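S.K.: Please find one structure pasted underneath; my questions will follow.
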Amino acid sequence: MSQSLSLLDQAFQLGRLEREALNGKNYDLAVELSEQRQLLTQQAWEKLREGDRPAYLERLLRIADLQKELTELARAAHSSILAALQGSRRQKKRLTGYQRTIALSIQ
């Protein structure tokens with residue numbers, strides 16, 4: 001197997017690990033894996049040989065399908081984090097209001 005195809009296989013494995021990280025809400029690891037996957041994919045492109053094109057395309061399409069899944073997971077994570085932050089802001093406002101009320105009632 002050529003180095004280009006091997007690099008794409010490694011990129012696919014990193015994508016699978018990235019999916020596990022996203023499912024486990026380990027977003028820092030997911031970002032790191034994504035960056036590594038991008039680097040491997042770029043290196044694979046640079047090392048592509050003419051005879052490897054059909055196998056390269058097949059692997060690249062497999063990675064593209066995985067990327068769609070990763071994108072959906074990342075969007076869901078983004079929405080979840082955003083909702084949690086908004087809930088946190090509402091809770092902070094509520095607690096600030098209680099604090100003011102208590103401070104006024106003590107005076």
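Each chain of the structure tokens is named A, B, ... in the order shown, its residues numbered from 1; ligands are numbered from 1 in display order.
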Could you name the residues that touch Asn23 of chain A at 10 Å or less, counting only C-alpha atoms, but leaving out those on the same chain fewer than 5 positions away, as a list of chain:residue names?

M.R.: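 The residues that qualify are A:Leu17, A:Glu18, A:Ala30, A:Leu70, A:Leu73, A:Ala74, A:Ala77.
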
S.K.: Could the residues in this selection be written to a file with C-alpha atoms, as a CSV table (one decimal), in the first residue's frame?

M.R.:
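Here's the written file part-v1.csv:
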chain,number,residue,atom,x,y,z
A,17,LEU,CA,-11.6,8.6,17.5
A,18,GLU,CA,-12.9,12.1,17.0
A,30,ALA,CA,-12.0,16.2,19.3
A,70,LEU,CA,-18.8,14.5,12.7
A,73,LEU,CA,-22.3,15.8,16.1
A,74,ALA,CA,-20.4,19.0,16.4
A,77,ALA,CA,-22.7,19.8,20.8

S.K.: Tell me, which residues of segment 10-67 of chain A carry DSSP alpha helix (DSSP H), written as a ChimeraX atom specification?

M.R.: /A:10-23,27-46,53-67

S.K.: Can you write just those residues out, N, CA and C atoms, as a CSV table (one decimal), in the first residue's frame?

M.R.:
chain,number,residue,atom,x,y,z
A,10,GLN,N,-5.1,6.3,8.2
A,10,GLN,CA,-4.8,6.8,9.5
A,10,GLN,C,-5.8,8.0,9.8
A,11,ALA,N,-6.0,8.8,8.8
A,11,ALA,CA,-7.0,9.9,8.9
A,11,ALA,C,-8.4,9.4,9.3
A,12,PHE,N,-8.8,8.3,8.6
A,12,PHE,CA,-10.1,7.8,8.9
A,12,PHE,C,-10.2,7.3,10.3
A,13,GLN,N,-9.1,6.6,10.8
A,13,GLN,CA,-9.1,6.1,12.2
A,13,GLN,C,-9.2,7.3,13.2
A,14,LEU,N,-8.5,8.4,12.9
A,14,LEU,CA,-8.5,9.6,13.7
A,14,LEU,C,-10.0,10.1,13.7
A,15,GLY,N,-10.6,10.1,12.6
A,15,GLY,CA,-12.0,10.5,12.5
A,15,GLY,C,-12.9,9.7,13.4
A,16,ARG,N,-12.7,8.4,13.4
A,16,ARG,CA,-13.5,7.5,14.3
A,16,ARG,C,-13.2,7.9,15.8
A,17,LEU,N,-12.0,8.2,16.1
A,17,LEU,CA,-11.6,8.6,17.5
A,17,LEU,C,-12.3,9.9,17.8
A,18,GLU,N,-12.3,10.8,16.8
A,18,GLU,CA,-12.9,12.1,17.0
A,18,GLU,C,-14.4,11.9,17.3
A,19,ARG,N,-15.0,11.0,16.6
A,19,ARG,CA,-16.5,10.8,16.8
A,19,ARG,C,-16.7,10.3,18.2
A,20,GLU,N,-15.8,9.4,18.7
A,20,GLU,CA,-15.9,8.9,20.1
A,20,GLU,C,-15.7,10.1,21.1
A,21,ALA,N,-14.8,11.0,20.8
A,21,ALA,CA,-14.5,12.1,21.7
A,21,ALA,C,-15.7,13.0,21.7
A,22,LEU,N,-16.3,13.3,20.5
A,22,LEU,CA,-17.5,14.1,20.5
A,22,LEU,C,-18.7,13.5,21.3
A,23,ASN,N,-18.9,12.2,21.1
A,23,ASN,CA,-19.9,11.5,21.8
A,23,ASN,C,-19.7,11.5,23.3
A,27,TYR,N,-14.4,17.7,24.0
A,27,TYR,CA,-14.3,18.6,22.9
A,27,TYR,C,-12.9,19.0,22.6
A,28,ASP,N,-12.1,19.1,23.6
A,28,ASP,CA,-10.7,19.5,23.4
A,28,ASP,C,-10.0,18.4,22.6
A,29,LEU,N,-10.2,17.2,23.0
A,29,LEU,CA,-9.6,16.0,22.2
A,29,LEU,C,-10.1,16.0,20.8
A,30,ALA,N,-11.4,16.2,20.6
A,30,ALA,CA,-12.0,16.2,19.3
A,30,ALA,C,-11.3,17.2,18.4
A,31,VAL,N,-11.1,18.4,18.9
A,31,VAL,CA,-10.4,19.5,18.1
A,31,VAL,C,-9.0,19.0,17.7
A,32,GLU,N,-8.3,18.5,18.7
A,32,GLU,CA,-6.9,18.0,18.4
A,32,GLU,C,-6.9,16.9,17.4
A,33,LEU,N,-7.8,16.0,17.5
A,33,LEU,CA,-7.9,14.9,16.5
A,33,LEU,C,-8.3,15.4,15.1
A,34,SER,N,-9.2,16.4,15.1
A,34,SER,CA,-9.6,17.0,13.8
A,34,SER,C,-8.4,17.7,13.1
A,35,GLU,N,-7.6,18.4,13.9
A,35,GLU,CA,-6.4,19.0,13.3
A,35,GLU,C,-5.4,18.0,12.8
A,36,GLN,N,-5.2,16.9,13.5
A,36,GLN,CA,-4.3,15.9,13.1
A,36,GLN,C,-4.8,15.2,11.8
A,37,ARG,N,-6.2,15.0,11.8
A,37,ARG,CA,-6.8,14.4,10.6
A,37,ARG,C,-6.6,15.3,9.4
A,38,GLN,N,-6.8,16.6,9.6
A,38,GLN,CA,-6.6,17.5,8.4
A,38,GLN,C,-5.2,17.4,7.9
A,39,LEU,N,-4.2,17.4,8.8
A,39,LEU,CA,-2.8,17.3,8.4
A,39,LEU,C,-2.5,16.1,7.7
A,40,LEU,N,-3.0,14.9,8.2
A,40,LEU,CA,-2.8,13.7,7.5
A,40,LEU,C,-3.4,13.7,6.1
A,41,THR,N,-4.6,14.2,6.0
A,41,THR,CA,-5.2,14.3,4.7
A,41,THR,C,-4.4,15.2,3.7
A,42,GLN,N,-3.9,16.3,4.2
A,42,GLN,CA,-3.1,17.1,3.3
A,42,GLN,C,-1.8,16.4,2.9
A,43,GLN,N,-1.2,15.7,3.8
A,43,GLN,CA,0.0,14.9,3.5
A,43,GLN,C,-0.3,13.9,2.5
A,44,ALA,N,-1.4,13.2,2.6
A,44,ALA,CA,-1.8,12.2,1.7
A,44,ALA,C,-2.0,12.7,0.3
A,45,TRP,N,-2.6,13.9,0.2
A,45,TRP,CA,-2.7,14.6,-1.1
A,45,TRP,C,-1.4,14.9,-1.8
A,46,GLU,N,-0.4,15.3,-0.9
A,46,GLU,CA,0.9,15.7,-1.5
A,46,GLU,C,1.7,14.5,-1.9
A,53,ARG,N,-5.0,6.7,-7.6
A,53,ARG,CA,-6.2,7.6,-7.6
A,53,ARG,C,-7.5,6.9,-7.3
A,54,PRO,N,-7.8,5.7,-7.9
A,54,PRO,CA,-9.1,5.1,-7.6
A,54,PRO,C,-9.2,4.7,-6.1
A,55,ALA,N,-8.2,4.1,-5.5
A,55,ALA,CA,-8.2,3.7,-4.1
A,55,ALA,C,-8.3,5.0,-3.2
A,56,TYR,N,-7.6,6.0,-3.7
A,56,TYR,CA,-7.5,7.3,-2.9
A,56,TYR,C,-8.9,7.9,-2.9
A,57,LEU,N,-9.6,7.9,-4.0
A,57,LEU,CA,-11.0,8.4,-4.1
A,57,LEU,C,-11.9,7.7,-3.2
A,58,GLU,N,-11.8,6.4,-3.2
A,58,GLU,CA,-12.6,5.5,-2.4
A,58,GLU,C,-12.5,5.9,-0.9
A,59,ARG,N,-11.2,6.0,-0.5
A,59,ARG,CA,-10.9,6.3,0.9
A,59,ARG,C,-11.4,7.7,1.2
A,60,LEU,N,-11.2,8.6,0.3
A,60,LEU,CA,-11.6,10.0,0.5
A,60,LEU,C,-13.1,10.1,0.7
A,61,LEU,N,-13.9,9.4,-0.1
A,61,LEU,CA,-15.3,9.4,0.0
A,61,LEU,C,-15.8,8.8,1.4
A,62,ARG,N,-15.0,7.8,1.8
A,62,ARG,CA,-15.4,7.2,3.1
A,62,ARG,C,-15.1,8.3,4.2
A,63,ILE,N,-14.0,9.0,4.1
A,63,ILE,CA,-13.7,10.1,5.1
A,63,ILE,C,-14.8,11.2,5.0
A,64,ALA,N,-15.2,11.5,3.8
A,64,ALA,CA,-16.2,12.5,3.6
A,64,ALA,C,-17.5,12.1,4.3
A,65,ASP,N,-17.9,10.9,4.2
A,65,ASP,CA,-19.1,10.4,4.9
A,65,ASP,C,-19.0,10.5,6.4
A,66,LEU,N,-17.8,10.2,6.9
A,66,LEU,CA,-17.6,10.3,8.3
A,66,LEU,C,-17.6,11.8,8.7
A,67,GLN,N,-17.1,12.6,7.8
A,67,GLN,CA,-17.0,14.1,8.1
A,67,GLN,C,-18.5,14.6,8.3

S.K.: Using Å and a single decimal, report how far atom CA of Leu48 of chain A sits from atom CA of Leu8 of chain A.

M.R.: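 Atom CA of Leu48 of chain A lies at a distance of 10.4 Å from atom CA of Leu8 of chain A.
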
S.K.: Just the number, please: distance in Å from atom CA of Glu72 of chain A to atom CA of Asn26 of chain A, one decimal.

M.R.: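 Computed distance, atom CA of Glu72 of chain A to atom CA of Asn26 of chain A, equals 15.6 Å.
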
S.K.: Go ahead and compute the interatomic distance for atom CA of Gln99 of chain A and atom CA of Gln86 of chain A, in Å to one decimal.

M.R.: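 If I compute the distance from atom CA of Gln99 of chain A to atom CA of Gln86 of chain A, I get 20.0 Å.
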
S.K.: Using only C-alpha atoms, find the one residue out of A:Arg100, A:Met1, A:Lys25, A:Arg49 that sits nearest to Ser80 of chain A.

M.R.: A:Lys25

S.K.: Give me the residues of segment 48-89 of chain A that have any atom at most 10 Å from an atom of segment 93-97 of chain A; for each, the nearest atom pair and the distance in Å, rounded to one decimal. Use only C-alpha atoms, sort by chain and number, and format it as a Markdown table.

M.R.:
| residue | atom | partner | partner_atom | distance |
| --- | --- | --- | --- | --- |
| A:Gly87 | CA | A:Lys93 | CA | 10.0 |
| A:Ser88 | CA | A:Lys93 | CA | 8.7 |
| A:Arg89 | CA | A:Lys93 | CA | 6.3 |
